[in-house]
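For reference, upload_8.cif (mmCIF, C-alpha atoms):
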```cif
data_query
#
loop_
_atom_site.label_atom_id
_atom_site.label_comp_id
_atom_site.auth_asym_id
_atom_site.auth_seq_id
_atom_site.Cartn_x
_atom_site.Cartn_y
_atom_site.Cartn_z
CA MET I 1 1.67 -38.88 -10.24
CA LEU I 2 2.26 -42.38 -11.66
CA SER I 3 -1.46 -42.96 -12.19
CA GLY I 4 -1.62 -39.56 -13.89
CA LEU I 5 1.20 -40.51 -16.24
CA PHE I 6 -0.45 -43.86 -16.89
CA THR I 7 -3.73 -42.12 -17.82
CA VAL I 8 -1.84 -39.75 -20.10
CA HIS I 9 -0.08 -42.75 -21.67
CA LEU I 10 -3.41 -44.53 -22.30
CA LEU I 11 -4.94 -41.41 -23.78
CA THR I 12 -2.00 -40.88 -26.11
CA TYR I 13 -2.13 -44.55 -27.16
CA TYR I 14 -5.75 -44.49 -28.23
CA ALA I 15 -5.99 -40.91 -29.45
CA ALA I 16 -5.31 -39.44 -32.86
CA PRO I 17 -1.65 -38.75 -33.80
CA ASP I 18 -2.07 -35.00 -33.10
CA MET I 19 -3.51 -35.71 -29.68
CA LYS I 20 -0.79 -38.30 -29.03
CA LYS I 21 1.90 -35.76 -29.82
CA ALA I 22 0.24 -33.10 -27.64
CA PHE I 23 -0.04 -35.41 -24.63
CA ALA I 24 3.52 -36.66 -25.03
CA GLN I 25 4.74 -33.05 -25.02
CA LEU I 26 2.51 -32.24 -22.03
CA THR I 27 3.95 -35.21 -20.13
CA PHE I 28 7.43 -33.94 -20.89
CA LEU I 29 6.54 -30.42 -19.71
CA VAL I 30 4.95 -31.68 -16.48
CA MET I 31 8.02 -33.83 -15.82
CA LEU I 32 10.28 -30.86 -16.56
CA PHE I 33 8.32 -28.74 -14.06
CA PHE I 34 8.47 -31.31 -11.27
CA SER I 35 12.14 -32.12 -11.97
CA ALA I 36 13.05 -28.43 -11.77
CA TRP I 37 11.11 -28.13 -8.51
CA PHE I 38 12.65 -31.30 -7.09
CA LEU I 39 16.21 -30.29 -7.99
CA LEU I 40 15.76 -26.74 -6.68
CA SER I 41 14.30 -28.04 -3.41
CA LYS I 42 17.59 -29.88 -2.83
CA VAL I 43 19.26 -26.47 -2.40
CA ASP I 44 19.20 -25.32 1.22
CA PHE I 45 17.63 -21.90 0.59
CA MET I 46 16.75 -21.47 4.26
CA LYS I 47 20.47 -21.44 5.09
CA LEU I 48 21.54 -19.67 1.92
CA LEU I 49 19.10 -16.79 2.37
CA ASN I 50 19.57 -16.73 6.15
CA VAL I 51 15.78 -17.04 6.54
CA GLU I 52 15.99 -18.68 9.95
CA HIS I 53 18.60 -16.20 11.19
CA TYR I 54 16.52 -13.15 10.19
CA SER I 55 13.25 -14.52 11.55
CA LYS I 56 15.01 -15.58 14.79
CA SER I 57 16.61 -12.17 15.31
CA THR I 58 13.32 -10.38 14.56
CA GLU I 59 11.55 -12.62 17.07
CA GLN I 60 14.31 -12.05 19.63
CA LYS I 61 14.12 -8.26 19.34
CA LEU I 62 10.32 -8.28 19.42
CA GLY I 63 10.31 -10.47 22.52
CA GLU I 64 12.69 -8.10 24.29
CA LEU I 65 10.73 -4.98 23.30
CA ILE I 66 7.35 -6.39 24.30
CA TYR I 67 8.59 -7.79 27.61
CA GLU I 68 10.34 -4.48 28.35
CA SER I 69 7.06 -2.66 27.76
CA ILE I 70 5.22 -5.04 30.11
CA SER I 71 7.82 -4.73 32.84
CA GLU I 72 7.68 -0.93 32.62
CA THR I 73 3.91 -0.77 33.07
CA GLN I 74 3.23 -3.76 35.33
CA THR I 75 4.75 -5.23 38.48
CA VAL I 76 7.11 -8.09 37.71
CA GLU I 77 7.42 -10.39 40.70
CA THR I 78 10.92 -11.52 41.61
CA ASP I 79 9.97 -13.70 44.56
CA SER I 80 12.34 -16.60 44.16
CA ALA I 81 10.15 -19.23 45.90
CA SER I 82 7.14 -18.60 43.64
CA LEU I 83 9.25 -18.42 40.51
CA ALA I 84 11.03 -21.62 41.54
CA LYS I 85 7.69 -23.46 41.76
CA LEU I 86 6.63 -22.21 38.34
CA ASP I 87 10.01 -23.24 36.94
CA GLU I 88 9.60 -26.66 38.54
CA ILE I 89 6.40 -27.23 36.54
CA LYS I 90 8.07 -25.89 33.40
CA VAL I 91 11.11 -28.15 33.80
CA THR I 92 8.90 -31.21 34.44
CA ILE I 93 6.96 -30.57 31.21
CA CYS I 94 10.05 -29.64 29.17
CA SER I 95 12.25 -32.54 30.26
CA LYS I 96 9.62 -35.18 29.43
CA ASN I 97 8.84 -33.62 26.05
CA SER I 98 12.37 -32.88 24.84
CA LEU I 99 11.73 -29.13 24.91
CA ASP I 100 14.50 -26.60 25.43
CA THR I 101 14.05 -25.55 29.08
CA ALA I 102 16.15 -22.40 28.66
CA GLY I 103 14.11 -21.40 25.61
CA ILE I 104 11.01 -20.79 27.72
CA LYS I 105 11.29 -17.91 30.16
CA ILE I 106 8.46 -17.61 32.67
CA HIS I 107 7.66 -14.19 34.15
CA LEU I 108 5.27 -13.67 37.06
CA ILE I 109 3.23 -10.45 37.01
CA LYS I 110 1.26 -9.21 39.98
CA SER I 111 -2.31 -8.76 38.80
CA LYS I 112 -5.82 -9.92 39.64
CA GLU I 113 -6.36 -10.84 36.01
CA VAL I 114 -6.79 -14.56 35.39
CA ASN I 115 -4.45 -14.60 32.44
CA ALA I 116 -1.31 -16.08 30.92
CA PHE I 117 0.08 -15.46 27.48
CA ALA I 118 3.07 -16.20 25.31
CA LEU I 119 5.34 -13.56 23.80
CA PRO I 120 7.87 -13.88 20.98
CA ASN I 121 11.21 -15.53 21.75
CA GLY I 122 9.86 -17.91 24.38
CA HIS I 123 8.69 -15.40 27.01
CA LEU I 124 5.70 -16.69 28.95
CA VAL I 125 3.84 -14.25 31.16
CA VAL I 126 1.77 -15.62 34.05
CA TYR I 127 -0.46 -13.37 36.18
CA THR I 128 -0.79 -14.06 39.88
CA GLY I 129 -4.59 -13.99 39.38
CA LEU I 130 -4.34 -17.16 37.29
CA ILE I 131 -2.49 -19.06 40.02
CA ASP I 132 -5.05 -17.85 42.52
CA ASP I 133 -7.91 -19.11 40.33
CA CYS I 134 -6.39 -22.54 39.70
CA GLU I 135 -7.49 -25.29 42.09
CA SER I 136 -4.52 -27.56 41.54
CA ALA I 137 -1.02 -27.63 40.12
CA GLU I 138 -2.37 -29.83 37.29
CA GLU I 139 -4.80 -27.09 36.20
CA LEU I 140 -1.99 -24.57 36.15
CA SER I 141 0.31 -26.95 34.27
CA GLY I 142 -2.45 -27.41 31.63
CA VAL I 143 -2.55 -23.66 31.02
CA LEU I 144 1.25 -23.44 31.01
CA GLY I 145 1.42 -26.38 28.59
CA HIS I 146 -1.08 -24.61 26.33
CA GLU I 147 1.02 -21.43 26.23
CA MET I 148 4.22 -23.45 25.79
CA ALA I 149 2.59 -25.12 22.78
CA HIS I 150 1.92 -21.67 21.28
CA ILE I 151 5.64 -20.93 21.73
CA GLU I 152 6.91 -24.26 20.41
CA HIS I 153 4.62 -24.21 17.35
CA HIS I 154 5.55 -20.57 16.52
CA HIS I 155 1.94 -19.45 16.86
CA VAL I 156 2.98 -16.13 18.44
CA MET I 157 4.93 -14.86 15.44
CA LYS I 158 2.28 -16.18 13.07
CA LYS I 159 -0.39 -14.24 14.92
CA LEU I 160 1.71 -11.06 14.89
CA VAL I 161 2.55 -11.38 11.19
CA LYS I 162 -1.10 -12.03 10.39
CA GLU I 163 -2.47 -9.18 12.50
CA VAL I 164 0.23 -6.55 12.09
CA GLY I 165 2.18 -7.60 8.99
CA LEU I 166 5.83 -8.57 8.64
CA SER I 167 6.91 -5.16 7.36
CA ALA I 168 5.42 -3.41 10.41
CA LEU I 169 7.21 -5.85 12.71
CA MET I 170 10.49 -5.19 10.88
CA VAL I 171 9.99 -1.44 11.40
CA VAL I 172 9.33 -1.98 15.13
CA THR I 173 12.45 -4.12 15.56
CA GLY I 174 14.44 -1.65 13.45
CA GLY I 175 13.98 0.89 16.22
CA ASN I 176 11.51 3.20 14.45
CA GLY I 177 8.35 1.71 15.85
CA GLY I 178 7.88 3.76 18.99
CA GLY I 179 6.37 2.70 22.27
CA GLN I 180 2.77 2.98 21.08
CA VAL I 181 3.14 0.19 18.53
CA VAL I 182 4.79 -2.08 21.09
CA LYS I 183 1.93 -1.34 23.52
CA GLN I 184 -0.52 -2.34 20.81
CA LEU I 185 1.40 -5.59 20.36
CA VAL I 186 1.18 -6.27 24.11
CA LYS I 187 -2.58 -5.69 23.96
CA LEU I 188 -2.87 -7.93 20.93
CA LEU I 189 -1.02 -10.81 22.58
CA SER I 190 -2.56 -10.49 26.03
CA SER I 191 -6.21 -9.83 25.16
CA THR I 192 -7.08 -11.28 21.76
CA ALA I 193 -7.60 -14.87 20.69
CA TYR I 194 -5.59 -16.98 18.28
CA ASP I 195 -7.30 -18.77 15.39
CA ARG I 196 -9.57 -21.57 16.53
CA LYS I 197 -7.31 -24.02 14.69
CA LEU I 198 -4.21 -22.79 16.54
CA GLU I 199 -6.06 -22.87 19.88
CA THR I 200 -7.14 -26.47 19.30
CA ASP I 201 -3.58 -27.34 18.30
CA ALA I 202 -2.26 -25.76 21.51
CA ASP I 203 -4.90 -27.57 23.62
CA MET I 204 -4.09 -30.98 22.19
CA THR I 205 -0.34 -30.38 22.38
CA SER I 206 -0.76 -29.36 26.01
CA VAL I 207 -2.57 -32.65 26.70
CA ASP I 208 0.31 -34.51 24.98
CA TYR I 209 2.86 -32.62 27.07
CA LEU I 210 0.99 -33.43 30.28
CA CYS I 211 0.53 -37.10 29.41
CA ASN I 212 4.23 -37.49 28.56
CA ALA I 213 5.11 -35.85 31.88
CA ASN I 214 2.68 -38.17 33.78
CA ILE I 215 0.52 -35.20 34.75
CA ASP I 216 -3.25 -35.74 34.80
CA PRO I 217 -4.71 -33.63 31.91
CA GLU I 218 -8.32 -33.83 33.13
CA PRO I 219 -7.99 -30.87 35.53
CA PHE I 220 -7.06 -28.74 32.50
CA ALA I 221 -10.44 -29.54 30.93
CA ASN I 222 -12.13 -28.93 34.29
CA PHE I 223 -10.43 -25.54 34.47
CA LEU I 224 -11.94 -24.58 31.10
CA TYR I 225 -15.40 -25.82 32.17
CA ARG I 226 -15.15 -23.81 35.38
CA LEU I 227 -14.08 -20.61 33.61
CA GLU I 228 -16.96 -20.95 31.18
CA SER I 229 -19.48 -21.42 33.99
CA GLU I 230 -17.96 -18.47 35.89
CA VAL I 231 -18.47 -16.31 32.80
CA GLU I 232 -22.06 -17.51 32.44
CA LYS I 233 -22.67 -16.55 36.06
CA GLY I 234 -21.38 -13.07 35.26
CA ALA I 235 -17.78 -13.36 36.24
CA PRO I 236 -15.70 -10.25 36.87
CA LYS I 237 -13.83 -8.73 33.97
CA GLU I 238 -10.54 -9.98 35.46
CA ILE I 239 -11.01 -13.35 33.74
CA TYR I 240 -8.99 -12.43 30.70
CA TRP I 241 -7.87 -15.92 29.73
CA ILE I 242 -11.46 -16.79 28.86
CA SER I 243 -11.84 -13.72 26.64
CA THR I 244 -8.69 -14.68 24.77
CA HIS I 245 -9.79 -18.31 24.65
CA PRO I 246 -13.47 -18.31 23.63
CA GLU I 247 -15.72 -21.36 23.32
CA SER I 248 -14.03 -22.91 26.34
CA GLU I 249 -16.78 -25.45 26.95
CA LYS I 250 -16.47 -26.84 23.44
CA ARG I 251 -12.70 -26.95 23.80
CA ALA I 252 -13.00 -28.69 27.17
CA GLN I 253 -15.23 -31.33 25.54
CA GLU I 254 -12.69 -31.85 22.76
CA ILE I 255 -9.91 -32.19 25.35
CA VAL I 256 -11.90 -34.81 27.31
CA LYS I 257 -12.54 -36.70 24.06
CA TYR I 258 -8.83 -36.57 23.22
CA ILE I 259 -7.78 -37.69 26.71
CA LYS I 260 -9.85 -40.87 26.24
CA THR I 261 -7.54 -41.85 23.37
CA LYS I 262 -4.43 -41.46 25.55
CA LYS I 263 -2.85 -43.69 28.13
CA VAL I 264 -2.18 -41.56 31.16
CA VAL I 265 -0.03 -42.58 34.10
CA LYS I 266 -1.17 -40.03 36.66
CA ARG I 267 1.29 -38.92 39.28
CA PRO I 268 0.65 -35.96 41.60
CA LEU I 269 2.65 -33.00 40.41
CA MET I 270 2.73 -31.34 43.79
CA LEU I 271 1.60 -32.29 47.28
CA THR I 272 -1.59 -30.52 48.33
CA ALA I 273 0.25 -28.79 51.14
CA ASP I 274 2.96 -27.58 48.76
CA TRP I 275 0.34 -26.31 46.30
CA GLU I 276 -1.50 -24.43 49.03
CA ALA I 277 1.75 -22.97 50.32
CA PHE I 278 2.63 -21.88 46.78
CA LYS I 279 -0.81 -20.29 46.26
CA ASN I 280 -0.64 -18.49 49.61
CA GLY I 281 2.86 -17.30 48.81
CA VAL I 282 1.68 -15.86 45.49
CA LYS I 283 -1.38 -14.29 47.17
CA ASP I 284 0.85 -12.53 49.72
CA LEU I 285 3.06 -10.97 47.09
CA MET K 1 -2.27 -29.18 -44.88
CA SER K 2 -0.36 -28.74 -41.66
CA GLY K 3 1.90 -26.38 -39.74
CA ALA K 4 2.75 -23.03 -41.23
CA GLU K 5 1.08 -23.77 -44.58
CA ARG K 6 -2.33 -23.13 -43.04
CA PHE K 7 -1.35 -19.65 -41.89
CA VAL K 8 0.12 -17.94 -44.96
CA ALA K 9 -0.96 -14.60 -46.41
CA GLN K 10 -3.14 -13.20 -43.60
CA PRO K 11 -4.76 -9.77 -43.89
CA ASP K 12 -3.05 -7.07 -41.83
CA THR K 13 -6.00 -6.66 -39.44
CA ASP K 14 -5.93 -10.39 -38.60
CA LEU K 15 -2.21 -10.27 -37.93
CA GLU K 16 -2.85 -7.45 -35.50
CA ARG K 17 -5.69 -9.26 -33.74
CA ALA K 18 -3.70 -12.47 -33.43
CA SER K 19 -0.73 -10.55 -32.07
CA ASN K 20 -3.02 -8.72 -29.62
CA GLY K 21 -3.98 -12.07 -28.09
CA TYR K 22 -0.42 -12.32 -26.76
CA LEU K 23 -0.09 -8.62 -25.94
CA MET K 24 -3.32 -8.79 -23.96
CA SER K 25 -1.89 -11.66 -21.90
CA LEU K 26 1.32 -9.68 -21.31
CA VAL K 27 -0.44 -6.54 -20.10
CA VAL K 28 -2.78 -8.47 -17.85
CA LEU K 29 0.07 -10.65 -16.62
CA MET K 30 1.80 -7.53 -15.32
CA ALA K 31 -1.39 -5.99 -13.94
CA GLY K 32 -2.83 -9.09 -12.33
CA LEU K 33 0.31 -10.74 -11.04
CA PRO K 34 -0.98 -11.38 -7.50
CA LEU K 35 -4.26 -12.84 -8.76
CA PRO K 36 -3.54 -15.44 -11.45
CA VAL K 37 -7.21 -15.87 -12.36
CA ILE K 38 -7.33 -12.33 -13.81
CA ASN K 39 -4.84 -13.27 -16.55
CA LEU K 40 -6.80 -16.36 -17.44
CA LEU K 41 -10.14 -14.54 -17.51
CA ALA K 42 -8.79 -11.72 -19.68
CA THR K 43 -7.34 -14.18 -22.19
CA LEU K 44 -10.56 -16.22 -22.11
CA PHE K 45 -12.66 -13.10 -22.84
CA PHE K 46 -10.33 -12.18 -25.69
CA PHE K 47 -10.68 -15.70 -27.07
CA ILE K 48 -14.49 -15.57 -26.81
CA ALA K 49 -14.55 -12.13 -28.47
CA ASN K 50 -12.57 -13.58 -31.40
CA ARG K 51 -14.28 -16.96 -31.64
CA LYS K 52 -15.92 -15.97 -34.94
CA SER K 53 -12.70 -14.63 -36.42
CA ASN K 54 -10.75 -16.57 -39.03
CA TYR K 55 -8.73 -19.66 -38.19
CA PHE K 56 -5.41 -17.82 -37.85
CA VAL K 57 -6.73 -15.45 -35.17
CA ARG K 58 -8.65 -18.20 -33.33
CA TRP K 59 -5.62 -20.51 -33.37
CA HIS K 60 -3.31 -17.92 -31.81
CA CYS K 61 -5.92 -16.90 -29.22
CA MET K 62 -6.24 -20.61 -28.32
CA GLN K 63 -2.46 -21.00 -27.98
CA ALA K 64 -2.32 -17.92 -25.70
CA LEU K 65 -5.28 -19.22 -23.67
CA LEU K 66 -3.74 -22.66 -23.14
CA ALA K 67 -0.44 -21.11 -22.06
CA GLN K 68 -2.29 -18.85 -19.63
CA PHE K 69 -4.21 -21.82 -18.25
CA SER K 70 -1.01 -23.67 -17.33
CA LEU K 71 0.36 -20.51 -15.71
CA PHE K 72 -2.94 -20.13 -13.85
CA LEU K 73 -2.60 -23.62 -12.34
CA MET K 74 1.04 -23.11 -11.29
CA ASN K 75 0.48 -19.58 -9.93
CA SER K 76 -2.72 -20.49 -8.10
CA ALA K 77 -0.91 -23.27 -6.23
CA GLY K 78 1.89 -20.78 -5.40
CA LEU K 79 -0.60 -18.19 -4.21
CA TYR K 80 -2.48 -20.72 -2.07
CA TRP K 81 0.81 -21.90 -0.51
CA SER K 82 1.92 -18.31 0.18
CA LEU K 83 -1.42 -17.43 1.79
CA SER K 84 -1.23 -20.57 3.93
CA ILE K 85 2.15 -19.37 5.18
CA ILE K 86 0.97 -15.83 5.90
CA PHE K 87 -2.43 -16.65 7.37
CA GLY K 88 -2.32 -20.35 8.13
CA ASP K 89 -0.10 -22.72 10.04
CA LYS K 90 2.42 -23.48 7.28
CA SER K 91 5.94 -22.07 7.36
CA VAL K 92 8.58 -21.12 4.81
CA SER K 93 10.59 -24.14 3.71
CA ASN K 94 13.12 -25.12 1.04
CA ALA K 95 10.31 -26.80 -0.92
CA TYR K 96 8.28 -23.57 -0.88
CA ILE K 97 11.19 -21.37 -2.00
CA ALA K 98 12.06 -23.94 -4.71
CA TYR K 99 8.44 -23.92 -5.91
CA ILE K 100 8.34 -20.12 -6.08
CA ILE K 101 11.63 -20.06 -8.05
CA THR K 102 10.29 -22.76 -10.41
CA ILE K 103 7.07 -20.85 -11.16
CA VAL K 104 9.02 -17.58 -11.55
CA LEU K 105 11.24 -19.36 -14.13
CA PHE K 106 8.25 -20.79 -16.00
CA ASN K 107 6.48 -17.40 -15.87
CA ALA K 108 9.61 -15.66 -17.18
CA VAL K 109 9.99 -18.14 -20.05
CA GLU K 110 6.33 -17.70 -21.01
CA PHE K 111 6.58 -13.92 -20.63
CA PHE K 112 9.43 -13.73 -23.17
CA ALA K 113 7.73 -16.28 -25.39
CA PHE K 114 4.56 -14.15 -25.36
CA MET K 115 6.60 -11.04 -26.20
CA TYR K 116 8.51 -12.74 -29.03
CA THR K 117 5.37 -14.34 -30.47
CA ALA K 118 3.39 -11.07 -30.37
CA ILE K 119 6.12 -9.37 -32.44
CA VAL K 120 6.68 -12.21 -34.88
CA VAL K 121 2.98 -12.92 -35.46
CA ARG K 122 2.45 -9.21 -36.17
CA GLN K 123 5.04 -9.59 -38.95
CA GLY K 124 2.97 -12.42 -40.44
CA LYS K 125 5.07 -15.36 -39.29
CA HIS K 126 3.42 -18.35 -37.67
CA VAL K 127 4.84 -19.55 -34.33
CA GLU K 128 3.81 -22.89 -32.91
CA TRP K 129 4.87 -23.47 -29.32
CA PHE K 130 5.89 -26.74 -27.77
CA VAL K 131 2.87 -28.39 -26.03
CA TYR K 132 0.46 -25.45 -26.43
CA GLY K 133 0.82 -25.37 -30.22
CA SER K 134 0.11 -29.09 -30.41
CA PHE K 135 -2.99 -28.73 -28.24
CA ALA K 136 -4.13 -25.70 -30.26
CA ASN K 137 -3.88 -27.89 -33.39
CA VAL K 138 -6.11 -30.48 -31.73
CA LEU K 139 -8.65 -28.09 -30.21
CA CYS K 140 -8.87 -25.51 -32.96
CA ARG K 141 -10.10 -26.78 -36.32
CA PRO K 142 -10.13 -24.73 -39.54
#
```
Let me see whether you can do it: turn the structure in this file into structure tokens.
Amino acid sequence: MLSGLFTVHLLTYYAAPDMKKAFAQLTFLVMLFFSAWFLLSKVDFMKLLNVEHYSKSTEQKLGELIYESISETQTVETDSASLAKLDEIKVTICSKNSLDTAGIKIHLIKSKEVNAFALPNGHLVVYTGLIDDCESAEELSGVLGHEMAHIEHHHVMKKLVKEVGLSALMVVTGGNGGGQVVKQLVKLLSSTAYDRKLETDADMTSVDYLCNANIDPEPFANFLYRLESEVEKGAPKEIYWISTHPESEKRAQEIVKYIKTKKVVKRPLMLTADWEAFKNGVKDL
Amino acid sequence: MSGAERFVAQPDTDLERASNGYLMSLVVLMAGLPLPVINLLATLFFFIANRKSNYFVRWHCMQALLAQFSLFLMNSAGLYWSLSIIFGDKSVSNAYIAYIITIVLFNAVEFFAFMYTAIVVRQGKHVEWFVYGSFANVLCRP
């Protein structure tokens, strides 16, 4: 800005009087524009227009509607021991990353699908198939961290607004949407990918979360490598997380590269016996 | 010879053409609001179509074109920011709302200025705007 003004000043100094006048007026107009913008930006429009309140309440209603639709069509597990273990991982990640623990609500769904996905308003759905496919608690925590990053960075609402449109979401939350639209939203969130940029952001944030919580992030990359190789070998269609997270090998490589820049103090998240007991418990559900 | 002296006693057809330069911008401004480049292109085509007209017509087309160009820059930045919010990873903020209000204000001022100038020029009076008039004087020679 200053260099721009300086250039304008030089030009006006050496130019003809007409040009000098024109540039002086232009400088004044540019300054008027930026001053108006600067002064207006001092007004708290977000509070004044209740932007945060409306977007929060829309997200809240959407989250409730979508989760309701899932719980009506799929089996929600209420086994306290399994849920307690999942919560333990969540609390470990949240507490070391200053995240609101109550803001993230984990739900366990009985299904062979290797999948986990985030819903609006902090709902995080984990399928029992995912736990069964993970080889360690660290792998699972990497996936959970990834989905928590989608929640914390508001990727879920962004995806819905982009794919469906804000007006359509308002209609759904207004009570005129009907079950079919909500079902479409469930399908959209559980079986389609986010933008590559958002996925990378969630991957790297997950690594940050894990590092801050002294959880080894390497198993998360290994998990992605393994899923990719399972798909190459002709994996069953149950591996949904890979279909919603394409280019896993490339992402795993980026994660490994990113890990090298971090200092990680690795502490086991769960004893092997505890992890096995947890997996068996989930398998028996 | 400077200012209004250069623009006295214009034929009626020239007054109409000069006035149309502003009217054209107004109509296209309303039609092409979401895509700022449309306004600029329309005004540019009108300017090119009248580049062999007399000085009075060329001068007013130039003033309209310069005003449209500044609007194009402001509105393009606003459009890019809005699209980044809808499709990208940016979110609504006080700075964004303030920017949108600022460009709406500048657009409104230019809209009324266009309207006023179109009427007044049609009556044969010369109107020289702040900034754009000065640049039109520099860029457009008799």
At what distance in Å, to one decimal, does CA of Asn94 in chain K lie from CA of Met46 in chain I?
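We find that CA of Met46 in chain I and CA of Asn94 in chain K lie 6.1 Å from each other.
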Considering only C-alpha atoms, tabulate each residue of chain K that lies at most 10 Å from chain I along with its nearest interatomic pair and the corresponding distance in Å to one decimal; arrange the rows by chain and ascending residue number and present them as JSON lines.
```
{"residue": "K:Met74", "atom": "CA", "partner": "I:Phe33", "partner_atom": "CA", "distance": 9.6}
{"residue": "K:Ile85", "atom": "CA", "partner": "I:Lys158", "partner_atom": "CA", "distance": 8.5}
{"residue": "K:Ile86", "atom": "CA", "partner": "I:Lys162", "partner_atom": "CA", "distance": 6.2}
{"residue": "K:Phe87", "atom": "CA", "partner": "I:Lys162", "partner_atom": "CA", "distance": 5.7}
{"residue": "K:Gly88", "atom": "CA", "partner": "I:Lys158", "partner_atom": "CA", "distance": 7.9}
{"residue": "K:Asp89", "atom": "CA", "partner": "I:Lys158", "partner_atom": "CA", "distance": 7.6}
{"residue": "K:Lys90", "atom": "CA", "partner": "I:Lys158", "partner_atom": "CA", "distance": 9.3}
{"residue": "K:Ser91", "atom": "CA", "partner": "I:Lys158", "partner_atom": "CA", "distance": 9.0}
{"residue": "K:Val92", "atom": "CA", "partner": "I:Met46", "partner_atom": "CA", "distance": 8.2}
{"residue": "K:Ser93", "atom": "CA", "partner": "I:Met46", "partner_atom": "CA", "distance": 6.7}
{"residue": "K:Asn94", "atom": "CA", "partner": "I:Ser41", "partner_atom": "CA", "distance": 5.5}
{"residue": "K:Ala95", "atom": "CA", "partner": "I:Ser41", "partner_atom": "CA", "distance": 4.9}
{"residue": "K:Tyr96", "atom": "CA", "partner": "I:Ser41", "partner_atom": "CA", "distance": 7.9}
{"residue": "K:Ile97", "atom": "CA", "partner": "I:Phe45", "partner_atom": "CA", "distance": 7.0}
{"residue": "K:Ala98", "atom": "CA", "partner": "I:Ser41", "partner_atom": "CA", "distance": 4.8}
{"residue": "K:Tyr99", "atom": "CA", "partner": "I:Trp37", "partner_atom": "CA", "distance": 5.6}
{"residue": "K:Ile100", "atom": "CA", "partner": "I:Trp37", "partner_atom": "CA", "distance": 8.8}
{"residue": "K:Ile101", "atom": "CA", "partner": "I:Leu40", "partner_atom": "CA", "distance": 8.0}
{"residue": "K:Thr102", "atom": "CA", "partner": "I:Trp37", "partner_atom": "CA", "distance": 5.8}
{"residue": "K:Ile103", "atom": "CA", "partner": "I:Phe33", "partner_atom": "CA", "distance": 8.5}
{"residue": "K:Leu105", "atom": "CA", "partner": "I:Ala36", "partner_atom": "CA", "distance": 9.5}
{"residue": "K:Phe106", "atom": "CA", "partner": "I:Phe33", "partner_atom": "CA", "distance": 8.2}
{"residue": "K:Phe130", "atom": "CA", "partner": "I:Gln25", "partner_atom": "CA", "distance": 7.0}
{"residue": "K:Val131", "atom": "CA", "partner": "I:Gln25", "partner_atom": "CA", "distance": 5.1}
{"residue": "K:Tyr132", "atom": "CA", "partner": "I:Ala22", "partner_atom": "CA", "distance": 7.7}
{"residue": "K:Gly133", "atom": "CA", "partner": "I:Ala22", "partner_atom": "CA", "distance": 8.2}
{"residue": "K:Ser134", "atom": "CA", "partner": "I:Ala22", "partner_atom": "CA", "distance": 4.9}
{"residue": "K:Phe135", "atom": "CA", "partner": "I:Ala22", "partner_atom": "CA", "distance": 5.5}
{"residue": "K:Ala136", "atom": "CA", "partner": "I:Ala22", "partner_atom": "CA", "distance": 9.0}
{"residue": "K:Asn137", "atom": "CA", "partner": "I:Asp18", "partner_atom": "CA", "distance": 7.3}
{"residue": "K:Val138", "atom": "CA", "partner": "I:Met19", "partner_atom": "CA", "distance": 6.2}
{"residue": "K:Leu139", "atom": "CA", "partner": "I:Met19", "partner_atom": "CA", "distance": 9.2}
```
Near range 271-283 of chain I, counting only C-alpha atoms, which residues have an atom at most 12 Å away, once you skip same-chain residues fewer than 2 positions from it, shown as a PyMOL selection string?
chain I and resi 77-86+88-89+108-112+126-140+267-269+285
Find the residues near Leu15 in chain K: any atom within 12 Å, counting only C-alpha atoms, skip ones fewer than 2 places away on the same chain, and give them as a ChimeraX atom specification.
/K:7-13,17-22,53-61,117-126
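The residue that comes closest to Cys140 in chain K, out of K:Met62, K:Met115, K:Ile38, K:Val27 and on the basis of all atoms listed in the file, is K:Met62.
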Identify the residues within 10 Å of coordinate (3.0, -35.4, 24.8) (same frame as the file), considering only C-alpha atoms, and give the answer as JSON, numbers by chain.
{"I": [93, 96, 97, 98, 145, 204, 205, 206, 207, 208, 209, 210, 211, 212, 213, 214, 262]}
